[in-house]
Amino acid sequence: MKSNRRRKRFDILDHTADIGLIVYGQDLKTLFENAGEALFHLITDLKRVKQREERRIELKGENLERLMVDWLNELLYLHDVENFLFKKFEVEGVGEQEGVKARIQGEPFQEGVHLIKTEVKAVTYHQVQVKREDGNWRAQVIVDL
């Protein structure tokens with residue numbers, strides 16, 4: 001006798017492949033510096049990274065939200081292409097009109113010295129926020145893992 005019940009063919013598991021970062025700063029420069037640090041805190045153990053080499057970044061932005069995502073994606077691009085880990089982020093100027101200008105320091109990834117905690121694919125525009133709150137700045141970004 002055949003059963004009328006169908007055999008289960010598959011399950012859908014809820015899985016989120018992203019993580020949110022909330023970043024704070026007294027001013028926009030500090031906010032962008034802290035965002036860079038937060039991103040690389042996800043990627044590696046920053047205590048193992050030395051400030052041996054410097055890179056300069058200059059980006060234009062249409063608004064602060066886009067500028068924040070572009071800033072973090074540029075850092076991620078340098079990490080991916082040059083296999084570089086960044087530790088120090090010094091933002092020299094940031095704003096909707098001027099974009100962001102920064103000096104960043106770190107070193108190339110070395111097997112046995114550094115560890116990659118999280119593989120980050122991209123920083124997304126999904127639910128991005130950059131706003132002033134109670135006299136300070138706050139940003140929210142979603143990182144695709």
# chains A, B, ... in the order shown; residues from 1 in each chain; ligands from 1
$ select_by_dssp --residues "segment 6-112 of chain A" --states "strand (DSSP E)" --output "PDB file with N, CA and C atoms, in the first residue's frame"
ATOM      1  N   ASP A  18      26.218  37.641   6.419  1.00  0.00           N
ATOM      2  CA  ASP A  18      26.713  39.001   6.605  1.00  0.00           C
ATOM      3  C   ASP A  18      26.735  39.348   8.086  1.00  0.00           C
ATOM      4  N   ILE A  19      27.368  40.456   8.358  1.00  0.00           N
ATOM      5  CA  ILE A  19      27.484  40.938   9.726  1.00  0.00           C
ATOM      6  C   ILE A  19      27.366  42.458   9.692  1.00  0.00           C
ATOM      7  N   GLY A  20      26.774  43.009  10.706  1.00  0.00           N
ATOM      8  CA  GLY A  20      26.629  44.456  10.783  1.00  0.00           C
ATOM      9  C   GLY A  20      27.673  45.066  11.700  1.00  0.00           C
ATOM     10  N   LEU A  21      28.136  46.235  11.329  1.00  0.00           N
ATOM     11  CA  LEU A  21      29.055  46.999  12.172  1.00  0.00           C
ATOM     12  C   LEU A  21      28.386  48.318  12.540  1.00  0.00           C
ATOM     13  N   ILE A  22      28.423  48.651  13.795  1.00  0.00           N
ATOM     14  CA  ILE A  22      28.002  49.974  14.256  1.00  0.00           C
ATOM     15  C   ILE A  22      29.281  50.651  14.731  1.00  0.00           C
ATOM     16  N   VAL A  23      29.559  51.822  14.188  1.00  0.00           N
ATOM     17  CA  VAL A  23      30.815  52.522  14.465  1.00  0.00           C
ATOM     18  C   VAL A  23      30.495  53.901  15.027  1.00  0.00           C
ATOM     19  N   TYR A  24      31.329  54.368  15.962  1.00  0.00           N
ATOM     20  CA  TYR A  24      31.107  55.652  16.616  1.00  0.00           C
ATOM     21  C   TYR A  24      32.343  56.540  16.466  1.00  0.00           C
ATOM     22  N   GLY A  25      32.113  57.848  16.501  1.00  0.00           N
ATOM     23  CA  GLY A  25      33.223  58.799  16.462  1.00  0.00           C
ATOM     24  C   GLY A  25      32.783  60.165  16.922  1.00  0.00           C
ATOM     25  N   GLU A  53      54.337  49.634   6.486  1.00  0.00           N
ATOM     26  CA  GLU A  53      54.212  50.337   5.206  1.00  0.00           C
ATOM     27  C   GLU A  53      52.981  51.230   5.226  1.00  0.00           C
ATOM     28  N   GLU A  54      53.034  52.247   4.370  1.00  0.00           N
ATOM     29  CA  GLU A  54      51.942  53.221   4.313  1.00  0.00           C
ATOM     30  C   GLU A  54      51.350  53.275   2.910  1.00  0.00           C
ATOM     31  N   ARG A  55      50.052  53.469   2.852  1.00  0.00           N
ATOM     32  CA  ARG A  55      49.336  53.708   1.604  1.00  0.00           C
ATOM     33  C   ARG A  55      48.519  54.982   1.787  1.00  0.00           C
ATOM     34  N   ARG A  56      48.229  55.631   0.678  1.00  0.00           N
ATOM     35  CA  ARG A  56      47.369  56.823   0.701  1.00  0.00           C
ATOM     36  C   ARG A  56      46.094  56.509  -0.071  1.00  0.00           C
ATOM     37  N   ILE A  57      45.001  57.004   0.434  1.00  0.00           N
ATOM     38  CA  ILE A  57      43.705  56.820  -0.230  1.00  0.00           C
ATOM     39  C   ILE A  57      43.057  58.182  -0.402  1.00  0.00           C
ATOM     40  N   GLU A  58      42.549  58.423  -1.598  1.00  0.00           N
ATOM     41  CA  GLU A  58      41.741  59.615  -1.878  1.00  0.00           C
ATOM     42  C   GLU A  58      40.523  59.180  -2.665  1.00  0.00           C
ATOM     43  N   LEU A  59      39.351  59.451  -2.119  1.00  0.00           N
ATOM     44  CA  LEU A  59      38.090  59.077  -2.765  1.00  0.00           C
ATOM     45  C   LEU A  59      37.146  60.263  -2.785  1.00  0.00           C
ATOM     46  N   PHE A  84      47.272  42.689   1.862  1.00  0.00           N
ATOM     47  CA  PHE A  84      47.742  43.621   2.872  1.00  0.00           C
ATOM     48  C   PHE A  84      46.789  43.661   4.048  1.00  0.00           C
ATOM     49  N   LEU A  85      47.333  43.803   5.247  1.00  0.00           N
ATOM     50  CA  LEU A  85      46.543  43.986   6.466  1.00  0.00           C
ATOM     51  C   LEU A  85      46.830  45.382   7.009  1.00  0.00           C
ATOM     52  N   PHE A  86      45.784  46.121   7.291  1.00  0.00           N
ATOM     53  CA  PHE A  86      45.946  47.488   7.796  1.00  0.00           C
ATOM     54  C   PHE A  86      45.622  47.558   9.276  1.00  0.00           C
ATOM     55  N   LYS A  87      46.377  48.414   9.962  1.00  0.00           N
ATOM     56  CA  LYS A  87      46.210  48.551  11.409  1.00  0.00           C
ATOM     57  C   LYS A  87      45.935  49.992  11.830  1.00  0.00           C
ATOM     58  N   LYS A  88      46.572  50.946  11.175  1.00  0.00           N
ATOM     59  CA  LYS A  88      46.420  52.346  11.573  1.00  0.00           C
ATOM     60  C   LYS A  88      45.743  53.115  10.439  1.00  0.00           C
ATOM     61  N   PHE A  89      44.750  53.902  10.809  1.00  0.00           N
ATOM     62  CA  PHE A  89      43.955  54.658   9.844  1.00  0.00           C
ATOM     63  C   PHE A  89      43.971  56.118  10.275  1.00  0.00           C
ATOM     64  N   GLU A  90      44.588  56.962   9.470  1.00  0.00           N
ATOM     65  CA  GLU A  90      44.668  58.386   9.789  1.00  0.00           C
ATOM     66  C   GLU A  90      43.960  59.168   8.685  1.00  0.00           C
ATOM     67  N   VAL A  91      42.741  59.599   9.002  1.00  0.00           N
ATOM     68  CA  VAL A  91      41.953  60.353   8.040  1.00  0.00           C
ATOM     69  C   VAL A  91      42.336  61.818   8.156  1.00  0.00           C
ATOM     70  N   GLU A  92      42.814  62.378   7.045  1.00  0.00           N
ATOM     71  CA  GLU A  92      43.263  63.766   7.029  1.00  0.00           C
ATOM     72  C   GLU A  92      42.122  64.726   6.741  1.00  0.00           C
ATOM     73  N   GLY A  93      41.141  64.248   5.988  1.00  0.00           N
ATOM     74  CA  GLY A  93      39.984  65.079   5.668  1.00  0.00           C
ATOM     75  C   GLY A  93      38.845  64.210   5.186  1.00  0.00           C
ATOM     76  N   VAL A  94      37.624  64.595   5.557  1.00  0.00           N
ATOM     77  CA  VAL A  94      36.459  63.839   5.107  1.00  0.00           C
ATOM     78  C   VAL A  94      35.232  64.750   5.094  1.00  0.00           C
ATOM     79  N   GLY A  95      34.426  64.603   4.061  1.00  0.00           N
ATOM     80  CA  GLY A  95      33.191  65.367   3.944  1.00  0.00           C
ATOM     81  C   GLY A  95      32.546  65.117   2.595  1.00  0.00           C
ATOM     82  N   GLY A  99      35.268  64.479  -0.107  1.00  0.00           N
ATOM     83  CA  GLY A  99      35.513  63.050  -0.137  1.00  0.00           C
ATOM     84  C   GLY A  99      36.298  62.634   1.097  1.00  0.00           C
ATOM     85  N   VAL A 100      37.164  61.660   0.946  1.00  0.00           N
ATOM     86  CA  VAL A 100      38.013  61.228   2.064  1.00  0.00           C
ATOM     87  C   VAL A 100      39.456  61.137   1.591  1.00  0.00           C
ATOM     88  N   LYS A 101      40.348  61.667   2.414  1.00  0.00           N
ATOM     89  CA  LYS A 101      41.791  61.572   2.193  1.00  0.00           C
ATOM     90  C   LYS A 101      42.379  60.964   3.453  1.00  0.00           C
ATOM     91  N   ALA A 102      43.174  59.901   3.259  1.00  0.00           N
ATOM     92  CA  ALA A 102      43.697  59.208   4.430  1.00  0.00           C
ATOM     93  C   ALA A 102      45.038  58.567   4.150  1.00  0.00           C
ATOM     94  N   ARG A 103      45.774  58.354   5.242  1.00  0.00           N
ATOM     95  CA  ARG A 103      46.997  57.553   5.234  1.00  0.00           C
ATOM     96  C   ARG A 103      46.690  56.320   6.064  1.00  0.00           C
ATOM     97  N   ILE A 104      47.038  55.159   5.526  1.00  0.00           N
ATOM     98  CA  ILE A 104      46.791  53.917   6.242  1.00  0.00           C
ATOM     99  C   ILE A 104      48.094  53.147   6.334  1.00  0.00           C
ATOM    100  N   GLN A 105      48.265  52.445   7.446  1.00  0.00           N
ATOM    101  CA  GLN A 105      49.507  51.716   7.668  1.00  0.00           C
ATOM    102  C   GLN A 105      49.232  50.278   8.057  1.00  0.00           C
ATOM    103  N   GLY A 106      50.137  49.412   7.645  1.00  0.00           N
ATOM    104  CA  GLY A 106      50.038  47.998   7.961  1.00  0.00           C
ATOM    105  C   GLY A 106      51.185  47.260   7.323  1.00  0.00           C
ATOM    106  N   GLU A 107      50.936  46.000   6.975  1.00  0.00           N
ATOM    107  CA  GLU A 107      51.980  45.184   6.369  1.00  0.00           C
ATOM    108  C   GLU A 107      51.348  44.057   5.561  1.00  0.00           C
ATOM    109  N   PRO A 108      52.132  43.472   4.652  1.00  0.00           N
ATOM    110  CA  PRO A 108      51.626  42.336   3.894  1.00  0.00           C
ATOM    111  C   PRO A 108      51.350  41.142   4.811  1.00  0.00           C
TER     112      PRO A 108
END
$ residues_around --residues "segment 124-127 of chain A" --least-positions-apart "5" --cutoff "8 Å" --atoms "only C-alpha atoms" --output "ChimeraX atom specification"
/A:65-66,69,140-144
$ select_by_dssp --residues "segment 6-143 of chain A" --states "alpha helix (DSSP H)" --output "PyMOL selection string"
chain A and resi 28-43+64-82
$ write_last_selection --atoms "N, CA and C atoms" --output "compact mmCIF listing (two decimals), in the first residue's frame"
# COMPACT_ATOMS: atom_id res chain seq x y z
N LEU A 28 33.74 63.25 12.10
CA LEU A 28 33.74 62.39 10.92
C LEU A 28 35.09 61.69 10.70
N LYS A 29 36.18 62.40 10.96
CA LYS A 29 37.50 61.78 10.79
C LYS A 29 37.62 60.54 11.68
N THR A 30 37.27 60.70 12.95
CA THR A 30 37.36 59.59 13.89
C THR A 30 36.40 58.47 13.51
N LEU A 31 35.23 58.82 13.03
CA LEU A 31 34.25 57.82 12.60
C LEU A 31 34.82 56.95 11.48
N PHE A 32 35.43 57.57 10.48
CA PHE A 32 36.00 56.83 9.35
C PHE A 32 37.22 56.01 9.79
N GLU A 33 38.03 56.57 10.67
CA GLU A 33 39.17 55.81 11.20
C GLU A 33 38.69 54.57 11.96
N ASN A 34 37.68 54.77 12.81
CA ASN A 34 37.15 53.65 13.60
C ASN A 34 36.48 52.61 12.71
N ALA A 35 35.88 53.03 11.61
CA ALA A 35 35.26 52.09 10.68
C ALA A 35 36.33 51.21 10.03
N GLY A 36 37.45 51.81 9.63
CA GLY A 36 38.55 51.03 9.07
C GLY A 36 39.08 50.02 10.07
N GLU A 37 39.24 50.45 11.30
CA GLU A 37 39.72 49.55 12.34
C GLU A 37 38.72 48.42 12.59
N ALA A 38 37.44 48.74 12.61
CA ALA A 38 36.41 47.72 12.83
C ALA A 38 36.44 46.67 11.73
N LEU A 39 36.61 47.11 10.47
CA LEU A 39 36.66 46.17 9.36
C LEU A 39 37.84 45.21 9.51
N PHE A 40 39.02 45.74 9.83
CA PHE A 40 40.19 44.88 9.94
C PHE A 40 40.22 44.09 11.24
N HIS A 41 39.47 44.53 12.23
CA HIS A 41 39.28 43.73 13.44
C HIS A 41 38.50 42.46 13.09
N LEU A 42 37.56 42.57 12.17
CA LEU A 42 36.83 41.39 11.69
C LEU A 42 37.75 40.43 10.94
N ILE A 43 38.64 41.00 10.15
CA ILE A 43 39.48 40.22 9.24
C ILE A 43 40.61 39.49 9.97
N LEU A 64 27.63 60.98 2.54
CA LEU A 64 28.42 60.32 3.57
C LEU A 64 28.22 58.81 3.58
N GLU A 65 27.01 58.36 3.30
CA GLU A 65 26.76 56.91 3.29
C GLU A 65 27.57 56.24 2.18
N ARG A 66 27.50 56.80 1.00
CA ARG A 66 28.25 56.23 -0.13
C ARG A 66 29.76 56.31 0.13
N LEU A 67 30.19 57.41 0.70
CA LEU A 67 31.61 57.60 1.00
C LEU A 67 32.09 56.56 2.02
N MET A 68 31.28 56.26 3.01
CA MET A 68 31.65 55.25 4.01
C MET A 68 31.81 53.88 3.36
N VAL A 69 30.85 53.49 2.54
CA VAL A 69 30.93 52.19 1.87
C VAL A 69 32.11 52.15 0.91
N ASP A 70 32.32 53.22 0.16
CA ASP A 70 33.45 53.27 -0.78
C ASP A 70 34.79 53.21 -0.05
N TRP A 71 34.89 53.89 1.08
CA TRP A 71 36.10 53.88 1.91
C TRP A 71 36.43 52.46 2.36
N LEU A 72 35.45 51.78 2.92
CA LEU A 72 35.68 50.43 3.42
C LEU A 72 35.95 49.44 2.29
N ASN A 73 35.27 49.62 1.17
CA ASN A 73 35.53 48.73 0.03
C ASN A 73 36.90 48.98 -0.58
N GLU A 74 37.38 50.22 -0.54
CA GLU A 74 38.74 50.50 -1.02
C GLU A 74 39.78 49.82 -0.13
N LEU A 75 39.57 49.87 1.18
CA LEU A 75 40.46 49.16 2.11
C LEU A 75 40.44 47.66 1.83
N LEU A 76 39.26 47.14 1.61
CA LEU A 76 39.10 45.72 1.31
C LEU A 76 39.76 45.35 -0.01
N TYR A 77 39.64 46.24 -0.99
CA TYR A 77 40.29 46.02 -2.30
C TYR A 77 41.81 45.92 -2.14
N LEU A 78 42.40 46.84 -1.38
CA LEU A 78 43.85 46.80 -1.15
C LEU A 78 44.25 45.54 -0.39
N HIS A 79 43.40 45.13 0.52
CA HIS A 79 43.65 43.88 1.26
C HIS A 79 43.65 42.69 0.29
N ASP A 80 42.66 42.63 -0.58
CA ASP A 80 42.52 41.51 -1.51
C ASP A 80 43.61 41.50 -2.58
N VAL A 81 43.86 42.64 -3.20
CA VAL A 81 44.79 42.72 -4.33
C VAL A 81 46.25 42.65 -3.88
N GLU A 82 46.57 43.35 -2.80
CA GLU A 82 47.96 43.39 -2.33
C GLU A 82 48.23 42.44 -1.17
$ atom_distance --atom1 "atom CA of Glu98 of chain A" --atom2 "atom CA of Lys121 of chain A"
27.2 Å
$ residues_around --residues "Gln97 of chain A" --least-positions-apart "4" --cutoff "8 Å" --atoms "only C-alpha atoms" --output "PyMOL selection string"
chain A and resi 60-62
$ write_last_selection --atoms "all heavy atoms" --output "PDB file, in the first residue's frame"
ATOM      1  N   LYS A  60      36.345  60.329  -3.820  1.00  0.00           N
ATOM      2  CA  LYS A  60      35.266  61.319  -3.886  1.00  0.00           C
ATOM      3  C   LYS A  60      33.987  60.615  -3.478  1.00  0.00           C
ATOM      4  O   LYS A  60      33.828  59.414  -3.688  1.00  0.00           O
ATOM      5  CB  LYS A  60      35.113  61.883  -5.306  1.00  0.00           C
ATOM      6  CG  LYS A  60      36.320  62.657  -5.781  1.00  0.00           C
ATOM      7  CD  LYS A  60      36.485  63.918  -4.976  1.00  0.00           C
ATOM      8  CE  LYS A  60      37.701  64.701  -5.451  1.00  0.00           C
ATOM      9  NZ  LYS A  60      38.226  65.573  -4.431  1.00  0.00           N
ATOM     10  N   GLY A  61      33.055  61.382  -2.918  1.00  0.00           N
ATOM     11  CA  GLY A  61      31.795  60.781  -2.504  1.00  0.00           C
ATOM     12  C   GLY A  61      30.625  61.697  -2.783  1.00  0.00           C
ATOM     13  O   GLY A  61      30.765  62.913  -2.739  1.00  0.00           O
ATOM     14  N   GLU A  62      29.489  61.097  -3.079  1.00  0.00           N
ATOM     15  CA  GLU A  62      28.281  61.872  -3.339  1.00  0.00           C
ATOM     16  C   GLU A  62      27.600  62.252  -2.031  1.00  0.00           C
ATOM     17  O   GLU A  62      27.019  63.312  -1.911  1.00  0.00           O
ATOM     18  CB  GLU A  62      27.316  61.059  -4.198  1.00  0.00           C
ATOM     19  CG  GLU A  62      27.889  60.723  -5.556  1.00  0.00           C
ATOM     20  CD  GLU A  62      27.065  59.684  -6.279  1.00  0.00           C
ATOM     21  OE1 GLU A  62      25.900  59.472  -5.920  1.00  0.00           O
ATOM     22  OE2 GLU A  62      27.602  59.079  -7.221  1.00  0.00           O
TER      23      GLU A  62
END
$ atom_distance --atom1 "atom CA of Leu115 of chain A" --atom2 "atom CA of Asn83 of chain A"
12.1 Å
$ atom_distance --atom1 "atom CA of Asn136 of chain A" --atom2 "atom CA of Asn63 of chain A"
17.8 Å
$ closest_residue --among "A:Val49, A:Leu145, A:Ala139, A:Ala17" --to "Val120 of chain A" --atoms "only C-alpha atoms"
A:Leu145
